[in-house]
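Asks: Mind having a look at this structure? Questions to follow.
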Amino acid sequence: MADLDRPALVGRAREVALVTTALAELGSDGGPAVLDVTGEAGIGKSRLLAEVAALAGRAGLTVLRGRATQGEQHLPFQLTADAFADAELHTALPADLLAAAAPALLGTGRMPVRADRFGLHRAVAEALSRLCRRGPGLVMLLDDVHWADAASQELIAHLVRHPVRGRLLLVLARRGRQTPTALAATLSRGADGAAVLRLALGPLPEPEALAGLAAGVPRHLARELYTAGEGNPLYLLALLHAHRAGSQLPGVLGPVAPVAFPDPAGVPSWLGALLLDELSALTERRLSLVQAVAVLGDQATTPLLARALGLSEGPELGAELSWLARNELIRPGPGGRWALRHPVLRTLVYEDMPADRRIEVHRLAAADLARHGASPVERAHHLARSLSGWDAETVAVLCTAADRLAGTAPATAAQLLAVVLRIWPQHGEPAGRRARLQLARARAEGVTGHPRESRALLHAVIGEPDTEPAVRAEATALCALLELQLGRSPRLDVLLRTELARTPAPPPRQAVQLGAALGLSGLLAGAPAAAREPLAAALATAEREGDRAGAALVLALSALAGAYGGRTAEARRLADAAAEAVDAMPDPALAGSGEALTWLAWSEAFLDRHPQAVRHAERGLELARGSGQRYLQPHLLTALAFVHAQCCRLGPAAEAAEEAEFLARSFGGGELLAFVLSVGQPVRLLTGAPDGPGPLATAQEAVAVAGNADGWWATTARTMLGRTALACGDPVRALEVIQAAGGGARLPRVQPSVRPWLLETLVQAGLALGRVEQAERWAQQAAHEADRLDLAGQRGAALRARAAVARHRGAHGEAVRLLDAAAQEYASCGALLGQARSLLAGAGAAHAAGDPAGAGARTDRGRRLAAEGGARLLLEPAGPVGLRTVDRLPAPLAELTTRELEIAGLVAQGLSNQAVAQHLYLSRRTVETHVSAIYRKAGIHSRPALAALLTRAAAS
């Protein structure tokens with residue numbers, strides 16, 4: 001039959017041109033880091049990748065190629081190990097880096113016990129960077145990514161989100177509909193920017209398809225075959241081969257259209273029948289060899305084929321394999337391996353095999369691997385496929401493999417445990433052992449982004465009457481964490497209190513975990529006072545039992561409850577105690593208790609202890625990654641994003657926020673995603689243009705995913721929507737949203753420790769709308785609350801609020817004094833973003849006060865801080881007709897805000913209020929409010945007067 005995997009490349013001139021350009025731009029700032037080739041089965045993805053390889057080779061680039069296979073989805077890093085098989089890793093990489101990246105580079109045979117898969121991702125990225133530097137560049141081709149194992153998919157997603165520095169082009173080929181959602185979403189977000197270039201392959205144009213693939217076939221028949229094959233080259237080649245072999249193709253040609261029922265291989269059923277029909281004339285031995293190759297996949301070597309089929313490894317077997325190769329049913333590959341000529345054919349053969357025959361080949365392969373010293377991880381795939389009933393020895397191997405994979409490939413670990421639990425006998429094996437395995441599977445499901453599946457398993461463990469108390473208590477504590485991620489369940493407190501009240505009581509260590517979870521539940525409900533009692537009881541138990549890790553966790557949560565609730569002195573004392581406890585403990589003692597570092601970092605962030613918060617969050621992140629506590633990582637990354645943003649380190653803040661968002665989305669959204677999006681919002685506003693629909697859309701999504709919840713995270717999402725609305729020039733919406741979320745004008749439901757910060761937002765919005773008296777009341781409340789809190793950052797916010805009122809009333813000198821004091825407050829705690837904002841605002845006030853030299857000095861200092869931190873918005877304020885810097889504005893315009901200047905410029909160009917609203921994504925009412933404020937501040941009364949004023953300003 002014609003070679004289905006290497007037909008002539010026809011009809012892809014556009015795609016080849018794009019690939020050529022991408023290779024020419026390799027490593028440049030404007031070029032893509034990833035080519036994402038998508039299309040249905042047989043459309044020519046693999047053929048295009050072969051062309052990419054040829055083009056890269058002619059350009060002198062190093063080419064690595066890997067292919068995922070449907071039958072090896074249980075093998076962690078099968079795809080990436082296949083790609084690195086021909087790389088000179090031992091000479092190109094230092095031994096420590098090769099060891100750190102070994103599972104992904106060398107395969108499951110190098111799988112360490114309980115490794116950190118995120119550390120492994122970074123090691124692979126570093127390995128790729130080094131390989132790039134050894135030559136003119138590197139092209140890595142990964143085919144059939146939709147079939148990639150979960151570990152390889154996670155690694156690919158990491159490389160897409162964090163492109164390797166250097167001359168590397170990652171080329172992926174996949175079927176779009178079969179690609180897992182998380183990876184598809186990552187690639188879609190990359191395609192929205194410049195990092196990913198998507199090449200969606202459609203049907204071949206008819207003239208080119210017929211000229212290139214159907215030469216010698218009568219034109220009318222070729223056109224019929226093209227139509228039946230829908231322009232798909234694989235389908236067309238299969239039809240051409242069948243025609244040349246003498247088939248009349250009933251139901252394909254003629255008036256009856258082909259029936260295209262779905263097939264396991266992803267192709268129409270008529271095509272599957274055509275491909276399998278080739279096998280009907282094979283001898284029994286040859287058919288058995290083809291089937292064995294389909295089952296063994298990457299392990300289909302001649303010796304293993306012989307042993308799996310009970311044949312002698314001699315000339316006769318070699319002759320049979322050669323015959324199959326000559327007839328293009330199988331192909332030789334690297335390492336003496338055999339493969340079917342196309343993945344579609346392999347899937348069809350595998351699914352068409354008798355089940356007992358398929359199981360037997362898997363069983364023989366597993367036994368052969370065991371005899372040759374293969375690890376449990378290497379044997380697990382065949383054992384899982386061959387296990388049809390209880391076998392204690394096989395179960396032990398699968399459990400060992402699952403334990404080893406829990407850190408690097410938890411999705412595979414969960415699948416192996418699911419196999420074991422499915423055949424677990426109802427009687428004869430200890431019920432406690434089954435519960436422990438369910439708990440292990442629940443942990444694996446949780447860390448791979450399946451919290452609902454994990455929660456269902458945990459509820460099964462909790463509800464089983466024979467579950468050991470310690471296991472049930474541990475399951476309850478983990479269930480509580482998952483409930484909090486998914487959206488706080490109203491049953492959660494009842495579940496925790498019931499477990500704490502059981503007779504016999506849960507073991508002390510588990511009681512501490514349950515009490516901590518109950519305290520956290522109250523805190524996330526926005527009721528820190530409700531957290532005090534269970535946390536106090538848990539701390540007493542931990543100290544009595546000498547449970548240092550438990551005590552550290554409870555101290556950290558107690559500190560957070562105090563910081564959240566505005567009890568600053570108490571929070572500082574508890575944070576000191578928690579920090580002393582965790583700092584005295586080695587990493588192994590904290591490895592399974594990363595919660596202590598998580599909540600300590602957040603409490604320190606709220607207490608303006610920024611260096612300590614970063615230190616503890618980074619340590620917690622390293623431990624969480626190493627111990628597989630994926631559910632903690634969004635909280636730790638969000639804490640880092642929050643602190644880095646406050647300290648005007650917006651590059652690291654954006655990176656942490658992006659990774660936190662990816663993880664939160666992989667958990668299925670809910671209140672956690674709402675909180676993560678909200679904390680990352682200031683970074684988005686400061687590192688890009690705030691006026692388009694993007695920032696507002698993100699803030700609105702956060703509110704939407706929070707749903708009807710009313711706790712800490714949901715309230716944060718709603719108040720951040722209000723701040724975003726103000727930043728985007730809509731003070732009306734800002735006031736409405738923030739007051740509704742806060743429970744009224746005085747914001748009684750808002751987190752007390754950040755209330756002055758939000759009151760400053762209300763002041764700015766109120767002044768923009770001319771509500772001066774209300775703004776003054778908010779400024780006074782902010783000052784009072786900031787004094788009570790005794791936090792430098794909140795004092796800075798209160799001073800800025802008072803300065804805004806003073807400047808609005810024309811007291812520019814007073815505004816300068818207040819803004820300078822605010823800058824000092826922010827500087828005292830390292831909050832450089834607030835310092836930069838205050839200096840730039842002070843520059844405007846100084847200019848208005850008649851002090852251009854002071855305005856210039858403050859501008860220079862503020863812009864330097866903003867530039868060093870990456871706050872582009874502060875460096876490039878919007879403004880009309882070239883009016884960019886405060887010191888160039890004439891007095892009537894110096895009073896205008898950045899948004900007012902922008903609206904003034906559009907009005908001066910002749911745009912109506914409605915047109916301005918549509919241009920800036922604002923409501924018409926908001927634009928009208930701004931225009932009234934512009935007229936009032938500039939002392940004019942008409943649009944022509946405004947245009948004349950702006951023209952004179954630009955000319956001067």
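FYI, nothing fancy with the structure tokens labels: chains A, B, ... in order, residues from 1 per chain, ligands from 1 as they appear.
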List every residue of segment 494-615 of chain A that DSSP, applied to the backbone of this structure, assigns to helix (DSSP H, G or I), and report them as a PDB file with C-alpha atoms, in the first residue's frame.
Replies:
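Below is the file out-v9.pdb, written as the result:
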ATOM      1  CA  VAL A 494     -20.769  20.370  60.552  1.00  0.00           C
ATOM      2  CA  LEU A 495     -18.440  17.753  59.061  1.00  0.00           C
ATOM      3  CA  LEU A 496     -15.441  19.052  61.023  1.00  0.00           C
ATOM      4  CA  ARG A 497     -17.272  19.464  64.320  1.00  0.00           C
ATOM      5  CA  THR A 498     -18.801  15.981  63.982  1.00  0.00           C
ATOM      6  CA  GLU A 499     -15.371  14.443  63.482  1.00  0.00           C
ATOM      7  CA  LEU A 500     -13.899  16.332  66.443  1.00  0.00           C
ATOM      8  CA  PRO A 508      -4.242  14.173  68.752  1.00  0.00           C
ATOM      9  CA  ARG A 509      -2.348  15.025  65.571  1.00  0.00           C
ATOM     10  CA  GLN A 510      -5.473  14.581  63.477  1.00  0.00           C
ATOM     11  CA  ALA A 511      -7.455  16.619  66.018  1.00  0.00           C
ATOM     12  CA  VAL A 512      -5.009  19.478  65.501  1.00  0.00           C
ATOM     13  CA  GLN A 513      -5.496  19.280  61.724  1.00  0.00           C
ATOM     14  CA  LEU A 514      -9.276  19.246  62.126  1.00  0.00           C
ATOM     15  CA  GLY A 515      -9.230  22.228  64.473  1.00  0.00           C
ATOM     16  CA  ALA A 516      -6.970  24.124  62.063  1.00  0.00           C
ATOM     17  CA  ALA A 517      -9.346  23.356  59.187  1.00  0.00           C
ATOM     18  CA  LEU A 518     -12.307  24.568  61.244  1.00  0.00           C
ATOM     19  CA  GLY A 519     -10.469  27.797  62.041  1.00  0.00           C
ATOM     20  CA  LEU A 520      -9.572  28.319  58.400  1.00  0.00           C
ATOM     21  CA  SER A 521     -13.202  27.733  57.456  1.00  0.00           C
ATOM     22  CA  GLY A 522     -14.298  30.545  59.742  1.00  0.00           C
ATOM     23  CA  LEU A 523     -11.581  32.830  58.439  1.00  0.00           C
ATOM     24  CA  LEU A 524     -12.499  32.268  54.778  1.00  0.00           C
ATOM     25  CA  PRO A 528     -12.157  35.738  61.956  1.00  0.00           C
ATOM     26  CA  ALA A 529     -13.723  35.864  65.414  1.00  0.00           C
ATOM     27  CA  ALA A 530     -15.309  32.447  64.748  1.00  0.00           C
ATOM     28  CA  ALA A 531     -11.847  31.035  64.091  1.00  0.00           C
ATOM     29  CA  ARG A 532     -10.419  31.887  67.499  1.00  0.00           C
ATOM     30  CA  GLU A 533     -12.026  29.140  69.593  1.00  0.00           C
ATOM     31  CA  PRO A 534     -11.145  26.110  67.418  1.00  0.00           C
ATOM     32  CA  LEU A 535      -7.645  27.476  66.814  1.00  0.00           C
ATOM     33  CA  ALA A 536      -7.048  27.992  70.535  1.00  0.00           C
ATOM     34  CA  ALA A 537      -8.163  24.412  71.264  1.00  0.00           C
ATOM     35  CA  ALA A 538      -5.987  23.044  68.464  1.00  0.00           C
ATOM     36  CA  LEU A 539      -2.950  24.976  69.710  1.00  0.00           C
ATOM     37  CA  ALA A 540      -3.410  23.635  73.239  1.00  0.00           C
ATOM     38  CA  THR A 541      -3.567  20.060  71.888  1.00  0.00           C
ATOM     39  CA  ALA A 542      -0.501  20.542  69.698  1.00  0.00           C
ATOM     40  CA  GLU A 543       1.581  21.995  72.507  1.00  0.00           C
ATOM     41  CA  ARG A 544       0.480  19.276  74.936  1.00  0.00           C
ATOM     42  CA  GLU A 545       1.404  16.514  72.461  1.00  0.00           C
ATOM     43  CA  ARG A 548       5.668  21.114  66.495  1.00  0.00           C
ATOM     44  CA  ALA A 549       4.385  21.137  62.917  1.00  0.00           C
ATOM     45  CA  GLY A 550       0.778  21.270  64.121  1.00  0.00           C
ATOM     46  CA  ALA A 551       1.555  24.088  66.542  1.00  0.00           C
ATOM     47  CA  ALA A 552       3.286  26.061  63.784  1.00  0.00           C
ATOM     48  CA  LEU A 553       0.237  25.658  61.539  1.00  0.00           C
ATOM     49  CA  VAL A 554      -2.191  26.829  64.207  1.00  0.00           C
ATOM     50  CA  LEU A 555       0.029  29.784  65.165  1.00  0.00           C
ATOM     51  CA  ALA A 556       0.219  30.826  61.502  1.00  0.00           C
ATOM     52  CA  LEU A 557      -3.570  30.617  61.087  1.00  0.00           C
ATOM     53  CA  SER A 558      -4.099  32.511  64.335  1.00  0.00           C
ATOM     54  CA  ALA A 559      -1.735  35.229  63.104  1.00  0.00           C
ATOM     55  CA  LEU A 560      -3.655  35.437  59.845  1.00  0.00           C
ATOM     56  CA  ALA A 561      -6.974  35.678  61.690  1.00  0.00           C
ATOM     57  CA  GLY A 562      -5.564  38.542  63.762  1.00  0.00           C
ATOM     58  CA  ALA A 563      -4.091  40.316  60.725  1.00  0.00           C
ATOM     59  CA  TYR A 564      -7.303  39.911  58.736  1.00  0.00           C
ATOM     60  CA  THR A 568      -2.368  44.066  64.596  1.00  0.00           C
ATOM     61  CA  ALA A 569      -0.506  43.750  67.896  1.00  0.00           C
ATOM     62  CA  GLU A 570      -1.902  40.258  68.503  1.00  0.00           C
ATOM     63  CA  ALA A 571      -1.159  39.263  64.929  1.00  0.00           C
ATOM     64  CA  ARG A 572       2.444  40.418  65.195  1.00  0.00           C
ATOM     65  CA  ARG A 573       2.986  38.404  68.363  1.00  0.00           C
ATOM     66  CA  LEU A 574       1.489  35.261  66.835  1.00  0.00           C
ATOM     67  CA  ALA A 575       3.384  35.725  63.555  1.00  0.00           C
ATOM     68  CA  ASP A 576       6.628  36.041  65.532  1.00  0.00           C
ATOM     69  CA  ALA A 577       5.867  32.775  67.317  1.00  0.00           C
ATOM     70  CA  ALA A 578       4.919  31.003  64.080  1.00  0.00           C
ATOM     71  CA  ALA A 579       8.031  32.265  62.300  1.00  0.00           C
ATOM     72  CA  GLU A 580      10.227  31.150  65.175  1.00  0.00           C
ATOM     73  CA  ALA A 581       8.612  27.709  65.031  1.00  0.00           C
ATOM     74  CA  VAL A 582       8.933  27.121  61.286  1.00  0.00           C
ATOM     75  CA  ASP A 583      12.406  28.630  61.057  1.00  0.00           C
ATOM     76  CA  ASP A 587      12.510  20.948  55.665  1.00  0.00           C
ATOM     77  CA  PRO A 588      11.704  17.238  56.175  1.00  0.00           C
ATOM     78  CA  ALA A 589       9.740  18.084  59.310  1.00  0.00           C
ATOM     79  CA  LEU A 590       7.619  20.584  57.330  1.00  0.00           C
ATOM     80  CA  GLU A 595       0.064  25.002  55.256  1.00  0.00           C
ATOM     81  CA  ALA A 596       2.029  26.591  58.106  1.00  0.00           C
ATOM     82  CA  LEU A 597       4.303  28.465  55.697  1.00  0.00           C
ATOM     83  CA  THR A 598       1.359  29.333  53.453  1.00  0.00           C
ATOM     84  CA  TRP A 599      -0.716  31.099  56.053  1.00  0.00           C
ATOM     85  CA  LEU A 600       2.305  32.611  57.786  1.00  0.00           C
ATOM     86  CA  ALA A 601       3.335  34.227  54.501  1.00  0.00           C
ATOM     87  CA  TRP A 602      -0.143  35.704  54.076  1.00  0.00           C
ATOM     88  CA  SER A 603      -0.250  37.026  57.632  1.00  0.00           C
ATOM     89  CA  GLU A 604       3.161  38.669  57.135  1.00  0.00           C
ATOM     90  CA  ALA A 605       1.966  40.165  53.829  1.00  0.00           C
ATOM     91  CA  PHE A 606      -0.977  41.806  55.610  1.00  0.00           C
ATOM     92  CA  HIS A 610       7.300  41.921  52.961  1.00  0.00           C
ATOM     93  CA  PRO A 611      10.791  40.324  53.102  1.00  0.00           C
ATOM     94  CA  GLN A 612       9.625  37.740  55.650  1.00  0.00           C
ATOM     95  CA  ALA A 613       6.524  36.982  53.599  1.00  0.00           C
ATOM     96  CA  VAL A 614       8.612  36.346  50.467  1.00  0.00           C
ATOM     97  CA  ARG A 615      11.075  34.154  52.349  1.00  0.00           C
TER      98      ARG A 615
END
Asks: Name all residues at most 12 Å from Leu131 of chain A (count only C-alpha atoms; drop same-chain ones fewer than 2 positions away) and give them as JSON, numbers by chain.
Replies: {"A": [61, 62, 63, 64, 84, 87, 88, 89, 90, 91, 92, 93, 94, 98, 124, 125, 126, 127, 128, 129, 133, 134, 135, 136, 137, 138, 139, 140, 164, 165, 166, 167, 168]}
Asks: Looking at only C-alpha atoms, which of A:Glu445, A:Glu278, A:Asp466, A:Glu895 is the one that sits closest to Gln629 of chain A?
Replies: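 Distance minimum relative to Gln629 of chain A lands on A:Glu445.
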Asks: To one decimal in Å, tell me the separation between atom CA of Ala50 of chain A and atom CA of Leu345 of chain A.
Replies: 19.1 Å
Asks: Between atom CA of Leu685 of chain A and atom CA of Pro852 of chain A, what is the spacing in Å?
Replies: 28.9 Å
Asks: Using only C-alpha atoms, which residues sit within 8 Å of Leu673 of chain A once same-chain residues fewer than 2 positions away are excluded, as a list in words?
Replies: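 The residues that qualify are Glu661, Ala664, Arg665, Gly669, Gly670, Glu671, Phe675, Val676, Leu677, Ala702, Val705 and Ala706 of chain A.
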Asks: May I have the residues within 7 Å of segment 834-851 of chain A as a list in words, using only C-alpha atoms and disregarding those fewer than 4 positions away in the same chain?
Replies: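 The residues satisfying every condition are Arg807, His812, Gly813, Ala815, Val816, Leu819, Asp820, Ala822, Ala823, Tyr826, Ala827, Ala855, Gly856, Arg858, Thr859, Gly862, Leu865, Ala866, Val886, Asp887 and Ala894 of chain A.
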Asks: So that I can check the surroundings of segment 356-369 of chain A, please list as a PyMOL selection string every protein, DNA and RNA residue that reaches within 8 Å of it, counting only C-alpha atoms and ignoring chain neighbours fewer than 5 positions away.
Replies: chain A and resi 292+295-296+304+307-309+350+374+378-380+382-383+385-387
Asks: Grab the residues selected above and save them as a tab-separated table (two decimals), in the first residue's frame with C-alpha atoms.
Replies:
chain	number	residue	atom	x	y	z
A	292	ALA	CA	1.69	-7.91	19.36
A	295	VAL	CA	0.03	-4.06	22.20
A	296	LEU	CA	3.74	-3.62	23.02
A	304	LEU	CA	10.25	-9.33	23.22
A	307	ARG	CA	9.00	-14.22	23.91
A	308	ALA	CA	5.50	-12.73	23.99
A	309	LEU	CA	4.38	-15.07	21.19
A	350	TYR	CA	-5.52	-2.94	19.27
A	374	ALA	CA	12.52	-3.73	35.15
A	378	GLU	CA	8.15	0.16	33.91
A	379	ARG	CA	6.00	-2.93	34.50
A	380	ALA	CA	2.90	-1.11	35.77
A	382	HIS	CA	1.26	-3.96	31.21
A	383	LEU	CA	0.19	-5.19	34.65
A	385	ARG	CA	-3.85	-3.76	31.29
A	386	SER	CA	-3.67	-7.47	32.11
A	387	LEU	CA	-5.17	-7.47	35.61
Asks: Of the candidates A:Glu313, A:Glu622, A:Glu25, A:Glu464, which one gets nearest to Gly119 of chain A if we count only C-alpha atoms?
Replies: A:Glu622
Asks: Return the single residue from A:Gly854, A:Gly407, A:Gly565, A:Pro504 that is closest to Pro752 of chain A, with distances computed using only C-alpha atoms.
Replies: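 The shortest atom-to-atom distance to Pro752 of chain A comes from A:Gly565.
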Asks: Which residues come within 12 Å of Arg788 of chain A, counting only C-alpha atoms, excluding same-chain residues fewer than 2 positions away, as a compact mmCIF listing (two decimals) with N, CA and C atoms, in the first residue's frame?
Replies:
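selection_27.txt, freshly written:
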# COMPACT_ATOMS: atom_id res chain seq x y z
N GLY A 565 -8.43 40.48 60.79
CA GLY A 565 -9.41 41.18 61.62
C GLY A 565 -8.95 42.52 62.15
N GLY A 566 -7.73 42.93 61.81
CA GLY A 566 -7.25 44.24 62.26
C GLY A 566 -6.70 44.26 63.67
N ARG A 567 -6.48 43.09 64.29
CA ARG A 567 -5.87 43.03 65.62
C ARG A 567 -4.36 42.93 65.42
N THR A 568 -3.75 44.07 65.10
CA THR A 568 -2.37 44.07 64.60
C THR A 568 -1.38 43.61 65.65
N ALA A 569 -1.48 44.12 66.86
CA ALA A 569 -0.51 43.75 67.90
C ALA A 569 -0.55 42.25 68.16
N PRO A 752 -10.94 44.28 57.68
CA PRO A 752 -10.53 45.50 58.38
C PRO A 752 -9.10 45.95 58.07
N SER A 753 -8.20 44.99 57.85
CA SER A 753 -6.79 45.35 57.68
C SER A 753 -6.50 46.03 56.35
N ARG A 755 -9.10 48.09 54.93
CA ARG A 755 -10.22 49.02 54.74
C ARG A 755 -9.75 50.42 54.33
N PRO A 756 -8.69 50.97 54.96
CA PRO A 756 -8.24 52.30 54.51
C PRO A 756 -7.88 52.34 53.03
N GLN A 781 -12.55 58.65 57.92
CA GLN A 781 -12.65 57.26 58.39
C GLN A 781 -11.36 56.49 58.09
N ALA A 782 -10.78 56.72 56.92
CA ALA A 782 -9.54 56.04 56.57
C ALA A 782 -8.43 56.41 57.56
N ALA A 783 -8.34 57.70 57.90
CA ALA A 783 -7.31 58.13 58.84
C ALA A 783 -7.50 57.50 60.21
N HIS A 784 -8.75 57.46 60.67
CA HIS A 784 -9.04 56.86 61.99
C HIS A 784 -8.69 55.37 62.00
N GLU A 785 -9.10 54.66 60.97
CA GLU A 785 -8.85 53.22 60.95
C GLU A 785 -7.36 52.92 60.77
N ALA A 786 -6.66 53.74 59.99
CA ALA A 786 -5.23 53.52 59.81
C ALA A 786 -4.47 53.71 61.11
N ASP A 790 -2.23 50.70 62.86
CA ASP A 790 -0.78 50.87 63.03
C ASP A 790 -0.01 50.07 61.97
N LEU A 791 -0.43 50.21 60.71
CA LEU A 791 0.26 49.59 59.58
C LEU A 791 0.68 50.68 58.61
N ALA A 792 1.96 50.70 58.24
CA ALA A 792 2.49 51.79 57.42
C ALA A 792 1.77 51.89 56.09
N GLN A 794 -1.28 51.07 55.30
CA GLN A 794 -2.64 51.62 55.43
C GLN A 794 -2.59 53.09 55.83
N ARG A 795 -1.57 53.51 56.61
CA ARG A 795 -1.41 54.95 56.89
C ARG A 795 -1.13 55.70 55.59
N ALA A 798 -4.38 56.18 53.77
CA ALA A 798 -5.20 57.22 54.40
C ALA A 798 -4.66 58.62 54.09
